[in-house]
>>> print(open('query37.pdb').read())   # PDB, C-alpha atoms
MODEL        1
ATOM      1  CA  MET A   5     -14.692  -5.165 -14.444
ATOM      2  CA  LEU A   6     -17.709  -5.939 -12.284
ATOM      3  CA  PHE A   7     -16.296  -9.403 -11.829
ATOM      4  CA  ALA A   8     -13.075  -8.049 -10.364
ATOM      5  CA  VAL A   9     -15.032  -5.669  -8.179
ATOM      6  CA  GLY A  10     -17.220  -8.505  -6.950
ATOM      7  CA  LEU A  11     -14.236 -10.669  -6.106
ATOM      8  CA  TYR A  12     -12.646  -7.965  -4.037
ATOM      9  CA  GLY A  13     -15.928  -7.197  -2.377
ATOM     10  CA  ALA A  14     -15.964 -10.728  -0.984
ATOM     11  CA  LEU A  15     -12.704 -10.124   0.901
ATOM     12  CA  VAL A  16     -14.276  -8.922   4.144
ATOM     13  CA  SER A  17     -11.810  -7.612   6.695
ATOM     14  CA  ALA A  18     -12.385  -8.295  10.338
ATOM     15  CA  PRO A  19     -10.377  -5.815  12.435
ATOM     16  CA  PRO A  20      -8.177  -7.689  14.922
ATOM     17  CA  ASP A  21      -8.518  -6.560  18.468
ATOM     18  CA  TYR A  22      -5.822  -5.813  21.001
ATOM     19  CA  GLN A  23      -6.383  -6.782  24.627
ATOM     20  CA  GLN A  24      -4.892  -4.633  27.320
ATOM     21  CA  GLY A  25      -6.500  -2.511  30.006
ATOM     22  CA  ASP A  26      -7.512   1.111  30.478
ATOM     23  CA  SER A  27      -9.010   4.000  28.662
ATOM     24  CA  TYR A  28      -6.099   4.634  26.313
ATOM     25  CA  ARG A  29      -7.258   1.567  24.417
ATOM     26  CA  ILE A  30      -9.674   3.776  22.573
ATOM     27  CA  ILE A  31      -6.584   4.871  20.654
ATOM     28  CA  PHE A  32      -6.714   1.667  18.626
ATOM     29  CA  VAL A  33      -9.937   2.717  16.980
ATOM     30  CA  HIS A  34      -9.648   6.454  17.358
ATOM     31  CA  VAL A  35      -6.339   6.969  15.577
ATOM     32  CA  PRO A  36      -6.980   4.625  12.612
ATOM     33  CA  ALA A  37     -10.397   6.222  12.111
ATOM     34  CA  ALA A  38      -8.845   9.681  12.211
ATOM     35  CA  TRP A  39      -6.017   8.743   9.818
ATOM     36  CA  LEU A  40      -8.416   7.086   7.440
ATOM     37  CA  SER A  41     -10.836  10.006   7.605
ATOM     38  CA  MET A  42      -8.042  12.101   6.133
ATOM     39  CA  SER A  43      -6.643   9.629   3.615
ATOM     40  CA  VAL A  44     -10.121   8.724   2.375
ATOM     41  CA  TYR A  45     -10.693  12.418   1.796
ATOM     42  CA  LEU A  46      -7.484  12.503  -0.199
ATOM     43  CA  VAL A  47      -8.675   9.508  -2.250
ATOM     44  CA  MET A  48     -11.971  11.262  -2.830
ATOM     45  CA  ALA A  49     -10.289  14.517  -3.851
ATOM     46  CA  VAL A  50      -7.779  12.832  -6.182
ATOM     47  CA  ALA A  51     -10.513  10.722  -7.781
ATOM     48  CA  SER A  52     -12.625  13.868  -8.116
ATOM     49  CA  GLY A  53      -9.734  15.652  -9.785
ATOM     50  CA  ILE A  54      -9.190  12.790 -12.215
ATOM     51  CA  GLY A  55     -12.887  12.739 -12.986
ATOM     52  CA  LEU A  56     -12.910  16.493 -13.462
ATOM     53  CA  ILE A  57      -9.947  16.613 -15.802
ATOM     54  CA  TRP A  58     -10.144  13.411 -17.805
ATOM     55  CA  ARG A  59     -13.860  12.696 -17.364
ATOM     56  CA  ILE A  60     -13.193   9.114 -16.340
ATOM     57  CA  LYS A  61     -16.461   7.626 -15.122
ATOM     58  CA  LEU A  62     -14.795   5.174 -12.770
ATOM     59  CA  ALA A  63     -13.026   8.007 -10.943
ATOM     60  CA  GLU A  64     -16.356   9.718 -10.429
ATOM     61  CA  VAL A  65     -17.773   6.475  -9.052
ATOM     62  CA  ILE A  66     -14.842   6.123  -6.642
ATOM     63  CA  ALA A  67     -15.220   9.702  -5.417
ATOM     64  CA  ARG A  68     -18.941   9.370  -4.887
ATOM     65  CA  THR A  69     -18.629   6.034  -3.089
ATOM     66  CA  SER A  70     -15.744   7.202  -0.871
ATOM     67  CA  ALA A  71     -17.719  10.073   0.599
ATOM     68  CA  PRO A  72     -20.123   8.220   2.921
ATOM     69  CA  ILE A  73     -17.372   5.852   4.069
ATOM     70  CA  GLY A  74     -15.023   8.742   4.802
ATOM     71  CA  ALA A  75     -17.812  10.583   6.573
ATOM     72  CA  SER A  76     -18.408   7.576   8.808
ATOM     73  CA  TYR A  77     -14.693   7.396   9.693
ATOM     74  CA  THR A  78     -14.695  11.080  10.518
ATOM     75  CA  PHE A  79     -17.761  10.587  12.674
ATOM     76  CA  LEU A  80     -16.020   7.676  14.414
ATOM     77  CA  ALA A  81     -12.873   9.703  15.023
ATOM     78  CA  LEU A  82     -14.932  12.484  16.566
ATOM     79  CA  ALA A  83     -17.198  10.188  18.573
ATOM     80  CA  THR A  84     -14.446   7.963  19.975
ATOM     81  CA  GLY A  85     -12.339  11.035  20.646
ATOM     82  CA  SER A  86     -15.242  12.540  22.514
ATOM     83  CA  ILE A  87     -15.717   9.390  24.579
ATOM     84  CA  TRP A  88     -11.985   9.379  25.240
ATOM     85  CA  GLY A  89     -11.977  13.052  26.121
ATOM     86  CA  LYS A  90     -14.615  12.678  28.811
ATOM     87  CA  PRO A  91     -12.476  10.693  31.279
ATOM     88  CA  MET A  92      -9.133  12.206  30.209
ATOM     89  CA  TRP A  93      -9.885  15.887  29.695
ATOM     90  CA  GLY A  94     -13.089  16.004  31.759
ATOM     91  CA  THR A  95     -15.178  17.206  28.835
ATOM     92  CA  TRP A  96     -16.886  15.721  25.798
ATOM     93  CA  TRP A  97     -16.005  18.571  23.499
ATOM     94  CA  VAL A  98     -13.790  21.633  23.344
ATOM     95  CA  TRP A  99     -13.466  24.103  20.483
ATOM     96  CA  ASP A 100      -9.900  23.078  20.028
ATOM     97  CA  ALA A 101      -8.018  23.434  16.728
ATOM     98  CA  ARG A 102      -7.709  19.708  16.076
ATOM     99  CA  LEU A 103     -11.288  18.936  16.995
ATOM    100  CA  THR A 104     -12.727  21.861  15.111
ATOM    101  CA  SER A 105     -10.784  21.143  11.931
ATOM    102  CA  GLU A 106     -11.849  17.494  12.079
ATOM    103  CA  LEU A 107     -15.450  18.668  12.479
ATOM    104  CA  ILE A 108     -15.006  20.826   9.390
ATOM    105  CA  LEU A 109     -13.833  17.700   7.583
ATOM    106  CA  LEU A 110     -17.097  15.996   8.542
ATOM    107  CA  PHE A 111     -19.044  18.948   7.160
ATOM    108  CA  LEU A 112     -17.009  18.808   3.951
ATOM    109  CA  TYR A 113     -17.994  15.170   3.519
ATOM    110  CA  LEU A 114     -21.624  15.888   4.293
ATOM    111  CA  GLY A 115     -21.609  18.873   1.944
ATOM    112  CA  PHE A 116     -20.134  16.713  -0.811
ATOM    113  CA  ILE A 117     -22.805  14.045  -0.293
ATOM    114  CA  ALA A 118     -25.617  16.594  -0.131
ATOM    115  CA  LEU A 119     -24.402  18.426  -3.222
ATOM    116  CA  GLN A 120     -24.125  15.216  -5.216
ATOM    117  CA  SER A 121     -27.539  13.937  -4.224
ATOM    118  CA  ALA A 122     -29.114  17.296  -5.032
ATOM    119  CA  ILE A 123     -28.099  17.025  -8.684
ATOM    120  CA  GLN A 124     -29.985  14.445 -10.716
ATOM    121  CA  ASP A 125     -27.484  13.988 -13.505
ATOM    122  CA  ARG A 126     -24.602  11.885 -12.228
ATOM    123  CA  ARG A 127     -21.979  13.499 -14.395
ATOM    124  CA  SER A 128     -22.737  17.097 -13.501
ATOM    125  CA  ALA A 129     -23.121  16.011  -9.863
ATOM    126  CA  ALA A 130     -19.612  14.576 -10.023
ATOM    127  CA  ARG A 131     -18.249  17.800 -11.501
ATOM    128  CA  ALA A 132     -19.867  20.015  -8.893
ATOM    129  CA  GLY A 133     -18.756  17.721  -6.086
ATOM    130  CA  ALA A 134     -15.216  17.597  -7.427
ATOM    131  CA  VAL A 135     -14.789  21.350  -7.073
ATOM    132  CA  LEU A 136     -15.964  21.194  -3.465
ATOM    133  CA  ALA A 137     -13.711  18.204  -2.727
ATOM    134  CA  LEU A 138     -10.653  19.910  -4.207
ATOM    135  CA  VAL A 139     -11.236  23.156  -2.353
ATOM    136  CA  GLY A 140     -11.653  21.175   0.867
ATOM    137  CA  VAL A 141      -8.178  19.655   0.538
ATOM    138  CA  VAL A 142      -6.709  22.742   2.246
ATOM    139  CA  ASN A 143      -8.277  21.439   5.433
ATOM    140  CA  LEU A 144      -6.088  18.303   5.500
ATOM    141  CA  PRO A 145      -2.764  19.978   6.371
ATOM    142  CA  ILE A 146      -4.652  22.171   8.806
ATOM    143  CA  ILE A 147      -5.876  19.087  10.652
ATOM    144  CA  HIS A 148      -2.470  17.455  10.584
ATOM    145  CA  TYR A 149      -0.499  20.427  11.852
ATOM    146  CA  SER A 150      -3.217  21.852  14.089
ATOM    147  CA  VAL A 151      -1.618  20.302  17.168
ATOM    148  CA  GLU A 152       1.676  22.038  16.390
ATOM    149  CA  TRP A 153       0.452  25.400  15.117
ATOM    150  CA  TRP A 154      -1.915  26.155  17.951
ATOM    151  CA  ASN A 155      -1.894  25.525  21.650
ATOM    152  CA  THR A 156      -4.303  22.704  22.025
ATOM    153  CA  LEU A 157      -5.678  20.279  24.513
ATOM    154  CA  HIS A 158      -5.203  17.467  22.033
ATOM    155  CA  GLN A 159      -1.930  15.651  22.538
ATOM    156  CA  GLY A 160       0.863  16.173  20.042
ATOM    157  CA  PRO A 161       1.728  13.668  17.345
ATOM    158  CA  THR A 162       3.047  10.444  18.811
ATOM    159  CA  ILE A 163       3.703   8.450  15.681
ATOM    160  CA  THR A 164       4.097  10.533  12.546
ATOM    161  CA  LYS A 165       7.181  12.353  13.722
ATOM    162  CA  LEU A 166      10.476  12.354  11.924
ATOM    163  CA  ASP A 167      12.391  10.946  14.866
ATOM    164  CA  ALA A 168      11.428   7.744  16.650
ATOM    165  CA  PRO A 169       7.748   7.523  17.550
ATOM    166  CA  SER A 170       7.115   8.237  21.222
ATOM    167  CA  ILE A 171       4.973   5.204  21.693
ATOM    168  CA  HIS A 172       6.033   1.800  22.888
ATOM    169  CA  ILE A 173       6.435  -0.917  20.292
ATOM    170  CA  SER A 174       3.884  -3.165  21.994
ATOM    171  CA  MET A 175       1.275  -0.462  21.427
ATOM    172  CA  LEU A 176       2.546   0.627  18.046
ATOM    173  CA  VAL A 177       2.206  -2.790  16.434
ATOM    174  CA  PRO A 178      -1.497  -3.334  17.200
ATOM    175  CA  LEU A 179      -2.151   0.251  16.234
ATOM    176  CA  LEU A 180      -0.621  -0.335  12.832
ATOM    177  CA  VAL A 181      -2.463  -3.645  12.516
ATOM    178  CA  MET A 182      -5.715  -1.856  13.296
ATOM    179  CA  THR A 183      -4.876   0.809  10.761
ATOM    180  CA  LEU A 184      -4.251  -1.836   8.128
ATOM    181  CA  ALA A 185      -7.567  -3.466   9.048
ATOM    182  CA  PHE A 186      -9.317  -0.118   8.639
ATOM    183  CA  LYS A 187      -7.661   0.327   5.261
ATOM    184  CA  LEU A 188      -8.826  -3.090   4.115
ATOM    185  CA  HIS A 189     -12.264  -2.254   5.424
ATOM    186  CA  PHE A 190     -12.236   0.903   3.354
ATOM    187  CA  VAL A 191     -11.219  -0.955   0.205
ATOM    188  CA  THR A 192     -13.901  -3.583   0.806
ATOM    189  CA  ALA A 193     -16.621  -1.057   1.520
ATOM    190  CA  LEU A 194     -15.504   1.068  -1.417
ATOM    191  CA  LEU A 195     -15.674  -1.828  -3.861
ATOM    192  CA  ALA A 196     -18.974  -3.042  -2.455
ATOM    193  CA  GLY A 197     -20.426   0.428  -2.906
ATOM    194  CA  ALA A 198     -18.841   1.036  -6.303
ATOM    195  CA  ARG A 199     -20.418  -2.154  -7.615
ATOM    196  CA  SER A 200     -23.922  -0.811  -7.002
ATOM    197  CA  GLU A 201     -22.998   2.630  -8.217
ATOM    198  CA  ILE A 202     -21.787   1.235 -11.536
ATOM    199  CA  LEU A 203     -24.895  -0.933 -11.900
ATOM    200  CA  GLU A 204     -27.125   2.049 -11.257
ATOM    201  CA  ARG A 205     -25.294   4.272 -13.715
ATOM    202  CA  GLU A 206     -25.060   1.700 -16.447
ATOM    203  CA  GLN A 207     -28.573   0.324 -16.252
ATOM    204  CA  GLY A 208     -29.955   0.073 -19.724
ATOM    205  CA  THR A 209     -26.714  -1.204 -21.182
ATOM    206  CA  ARG A 210     -26.541  -4.704 -22.543
ATOM    207  CA  TRP A 211     -24.138  -6.168 -19.971
ATOM    208  CA  VAL A 212     -26.227  -5.007 -17.041
ATOM    209  CA  ALA A 213     -29.330  -6.518 -18.649
ATOM    210  CA  THR A 214     -27.555  -9.813 -19.228
ATOM    211  CA  LEU A 215     -26.182  -9.859 -15.705
ATOM    212  CA  THR A 216     -29.411  -9.092 -13.901
ATOM    213  CA  LEU A 217     -31.401 -11.650 -15.882
ATOM    214  CA  LYS A 218     -29.166 -14.463 -14.675
TER     215      LYS A 218
ATOM    216  CA  MET B   4      -6.353 -11.264  34.252
ATOM    217  CA  ASN B   5      -9.866 -12.659  34.562
ATOM    218  CA  VAL B   6     -12.957 -11.860  32.523
ATOM    219  CA  ALA B   7     -14.482  -9.431  35.021
ATOM    220  CA  GLU B   8     -11.257  -7.444  35.237
ATOM    221  CA  PHE B   9     -11.052  -7.384  31.482
ATOM    222  CA  LEU B  10     -14.638  -6.174  31.146
ATOM    223  CA  ASP B  11     -14.004  -3.514  33.771
ATOM    224  CA  MET B  12     -11.210  -1.941  31.691
ATOM    225  CA  GLY B  13      -9.481  -0.556  34.766
ATOM    226  CA  GLY B  14     -12.611   1.396  35.648
ATOM    227  CA  TYR B  15     -13.043   2.841  32.178
ATOM    228  CA  ALA B  16     -15.533   0.253  30.943
ATOM    229  CA  ALA B  17     -18.244   2.894  30.478
ATOM    230  CA  PHE B  18     -16.005   4.684  28.000
ATOM    231  CA  VAL B  19     -14.038   1.960  26.261
ATOM    232  CA  TRP B  20     -16.875  -0.397  25.334
ATOM    233  CA  PRO B  21     -19.265   2.161  23.871
ATOM    234  CA  ALA B  22     -16.374   3.503  21.799
ATOM    235  CA  TYR B  23     -15.626   0.052  20.415
ATOM    236  CA  GLY B  24     -19.358  -0.552  20.025
ATOM    237  CA  ILE B  25     -20.041   2.422  17.769
ATOM    238  CA  VAL B  26     -16.942   1.602  15.737
ATOM    239  CA  ALA B  27     -18.148  -1.968  15.201
ATOM    240  CA  VAL B  28     -21.643  -0.805  14.264
ATOM    241  CA  ALA B  29     -20.384   1.839  11.838
ATOM    242  CA  LEU B  30     -17.885  -0.500  10.177
ATOM    243  CA  LEU B  31     -20.512  -3.214   9.745
ATOM    244  CA  LEU B  32     -23.084  -0.774   8.358
ATOM    245  CA  ASN B  33     -20.519   0.298   5.791
ATOM    246  CA  LEU B  34     -20.409  -3.270   4.503
ATOM    247  CA  ILE B  35     -24.029  -4.359   4.957
ATOM    248  CA  LEU B  36     -25.736  -1.343   3.396
ATOM    249  CA  PRO B  37     -23.879  -1.522   0.042
ATOM    250  CA  LEU B  38     -24.512  -5.269  -0.174
ATOM    251  CA  LYS B  39     -28.233  -4.778   0.416
ATOM    252  CA  ARG B  40     -28.330  -1.961  -2.092
ATOM    253  CA  HIS B  41     -26.609  -4.175  -4.624
ATOM    254  CA  GLN B  42     -29.129  -6.981  -4.148
ATOM    255  CA  ARG B  43     -32.030  -4.564  -4.443
ATOM    256  CA  LEU B  44     -30.606  -2.983  -7.598
ATOM    257  CA  ARG B  45     -30.024  -6.317  -9.274
ATOM    258  CA  ARG B  46     -33.565  -7.390  -8.487
ATOM    259  CA  GLU B  47     -35.124  -4.160  -9.693
ATOM    260  CA  ILE B  48     -33.129  -3.878 -12.887
ATOM    261  CA  GLY B  49     -33.643  -7.586 -13.542
ATOM    262  CA  GLN B  50     -37.403  -7.255 -13.241
ATOM    263  CA  ARG B  51     -37.446  -4.217 -15.477
ATOM    264  CA  THR B  52     -35.340  -5.800 -18.216
ATOM    265  CA  ALA B  53     -37.331  -9.026 -18.019
ATOM    266  CA  LYS B  54     -40.457  -6.995 -18.733
ATOM    267  CA  THR B  55     -39.168  -4.877 -21.580
ATOM    268  CA  ALA B  56     -36.898  -7.385 -23.284
ATOM    269  CA  PRO B  57     -37.509 -11.092 -22.698
ATOM    270  CA  PRO B  58     -34.261 -13.076 -22.622
ATOM    271  CA  GLY B  59     -33.081 -13.923 -26.120
ATOM    272  CA  PRO B  60     -31.675 -17.264 -27.274
TER     273      PRO B  60
ENDMDL
END
>>> encode(input="query37.pdb", output="structure tokens")
Amino acid sequence: MLFAVGLYGALVSAPPDYQQGDSYRIIFVHVPAAWLSMSVYLVMAVASGIGLIWRIKLAEVIARTSAPIGASYTFLALATGSIWGKPMWGTWWVWDARLTSELILLFLYLGFIALQSAIQDRRSAARAGAVLALVGVVNLPIIHYSVEWWNTLHQGPTITKLDAPSIHISMLVPLLVMTLAFKLHFVTALLAGARSEILEREQGTRWVATLTLK
Amino acid sequence: MNVAEFLDMGGYAAFVWPAYGIVAVALLLNLILPLKRHQRLRREIGQRTAKTAPPGP
């Protein structure tokens, strides 16, 4: 299993860049980071749920490893959005529904990490964290629909609409490429982190001893 | 479009480049930190097992 994890860990993704002027170009990192911040949370919550119900160790490892990566994406979404907001909206931050709910997502991640690191035993840490992760799932639809439910400064959805996306194809393609790159980055970072997590949990077992003596 | 124009980002250079910068830093940290942790763990556990149980035949 560690072998497979190691192989995947070697597949480093370098996000391709798109070259065309102006401040809207922040979208190519802002939107993928924001999307991933939500889907990573979903991964974390589902893995937590699996770990909670079936007590599968690997699911607990995935949940625990996802959290810091997801938190960094959330931070990126907020930070790039803030940098984007300065020239476009004239302010770094507003207590807008979309921004606030994304900030809550960041706190959910941080709470999950803090809770897990506060509990020594990995298995009870995973169980406690799982409850928090599952409760926090309610925030995801709130983030997604926040731009429709409330009057907000944040622009409405441009891509995930049922009719044709209101974005030109020449911008849509690099955006999707960037999103794919972010996804690969997540998988790579997840596997790289999970590798250590498994080693740390399983130290004392024969295979870890054999491996580390090589 | 020349290099200076590209770097200028239509006047938004002060916003676009820092945004891309923090993204690059955060994405790289997400890869470098786990790799370093892995190396450290392997070394530590290796040293500990070498002490307690010398490698068998």
>>> interface_residues(input="query37.pdb", of="chain B", to="chain A", cutoff="7 Å", atoms="only C-alpha atoms", output="MDAnalysis selection string")
chainID B and resid 9 12:13 15 18:19 22 26 29 33:34 37:38 40:41 45 48:49 52:53
>>> axis_aligned_box(input="query37.pdb", around="stretch 48-61 of chain A", padding_each_side="8 Å", output="lines of an AutoDock Vina configuration file")
center_x = -12.1
center_y = 12.1
center_z = -10.3
size_x = 24.7
size_y = 25.0
size_z = 31.0
>>> atom_distance(input="query37.pdb", atom1="atom CA of A:Lys61", atom2="atom CA of A:Arg205")
9.6 Å
>>> resolve_selection(input="query37.pdb", expression="the PyMOL selection byres ((chain A and resi 141) around 12)", output="PyMOL selection string")
chain A and resi 42-50+52-53+105+108-109+112-113+134-140+142-148
>>> resolve_selection(input="query37.pdb", expression="the PyMOL selection byres ((chain A and resi 119) around 10)", output="ChimeraX atom specification")
/A:113-118,120-123,129-130,132-133,136
>>> atom_distance(input="query37.pdb", atom1="atom CA of A:Trp58", atom2="atom CA of A:Arg127")
12.3 Å
>>> atom_distance(input="query37.pdb", atom1="atom CA of A:Leu62", atom2="atom CA of A:Gln124")
17.9 Å
>>> closest_residue(input="query37.pdb", among="A:Thr183, A:Thr209, A:Ser41, A:Thr95", to="A:Leu110", atoms="only C-alpha atoms")
A:Ser41
>>> closest_residue(input="query37.pdb", among="A:Ile202, A:Leu56, A:Ala75, A:Ser150", to="A:Asp100", atoms="all atoms listed in the file")
A:Ser150
>>> decode(input="query37.pdb", residues="stretch 89-104 of chain A", atoms="N, CA and C atoms", output="short mmCIF file (atom, residue, chain, number, x, y, z; two decimals), in the first residue's frame")
data_model
loop_
_atom_site.label_atom_id
_atom_site.label_comp_id
_atom_site.auth_asym_id
_atom_site.auth_seq_id
_atom_site.Cartn_x
_atom_site.Cartn_y
_atom_site.Cartn_z
N GLY A 89 -10.59 41.87 -4.65
CA GLY A 89 -11.63 42.80 -4.23
C GLY A 89 -11.14 44.23 -4.09
N LYS A 90 -9.86 44.37 -3.74
CA LYS A 90 -9.33 45.72 -3.53
C LYS A 90 -9.49 46.59 -4.77
N PRO A 91 -8.98 46.17 -5.95
CA PRO A 91 -9.16 47.04 -7.11
C PRO A 91 -10.59 47.04 -7.66
N MET A 92 -11.33 45.94 -7.49
CA MET A 92 -12.64 45.83 -8.14
C MET A 92 -13.76 46.41 -7.29
N TRP A 93 -13.74 46.10 -6.00
CA TRP A 93 -14.82 46.57 -5.13
C TRP A 93 -14.38 47.76 -4.30
N GLY A 94 -13.05 48.04 -4.29
CA GLY A 94 -12.53 49.15 -3.51
C GLY A 94 -12.34 48.82 -2.05
N THR A 95 -12.43 47.54 -1.69
CA THR A 95 -12.21 47.17 -0.30
C THR A 95 -11.60 45.78 -0.23
N TRP A 96 -10.84 45.54 0.84
CA TRP A 96 -10.22 44.22 1.00
C TRP A 96 -11.25 43.21 1.48
N TRP A 97 -12.17 43.68 2.29
CA TRP A 97 -13.07 42.72 2.95
C TRP A 97 -14.43 43.37 3.18
N VAL A 98 -15.49 42.62 2.94
CA VAL A 98 -16.82 43.04 3.37
C VAL A 98 -17.47 41.85 4.05
N TRP A 99 -18.37 42.12 4.99
CA TRP A 99 -19.06 41.02 5.66
C TRP A 99 -20.23 40.58 4.80
N ASP A 100 -19.87 40.03 3.68
CA ASP A 100 -20.81 39.61 2.67
C ASP A 100 -21.09 38.12 2.89
N ALA A 101 -22.24 37.64 2.41
CA ALA A 101 -22.63 36.26 2.69
C ALA A 101 -21.60 35.26 2.17
N ARG A 102 -21.16 35.45 0.94
CA ARG A 102 -20.21 34.50 0.36
C ARG A 102 -18.90 34.50 1.11
N LEU A 103 -18.41 35.71 1.41
CA LEU A 103 -17.12 35.83 2.07
C LEU A 103 -17.19 35.30 3.49
N THR A 104 -18.28 35.63 4.17
CA THR A 104 -18.40 35.19 5.56
C THR A 104 -18.51 33.67 5.64
#
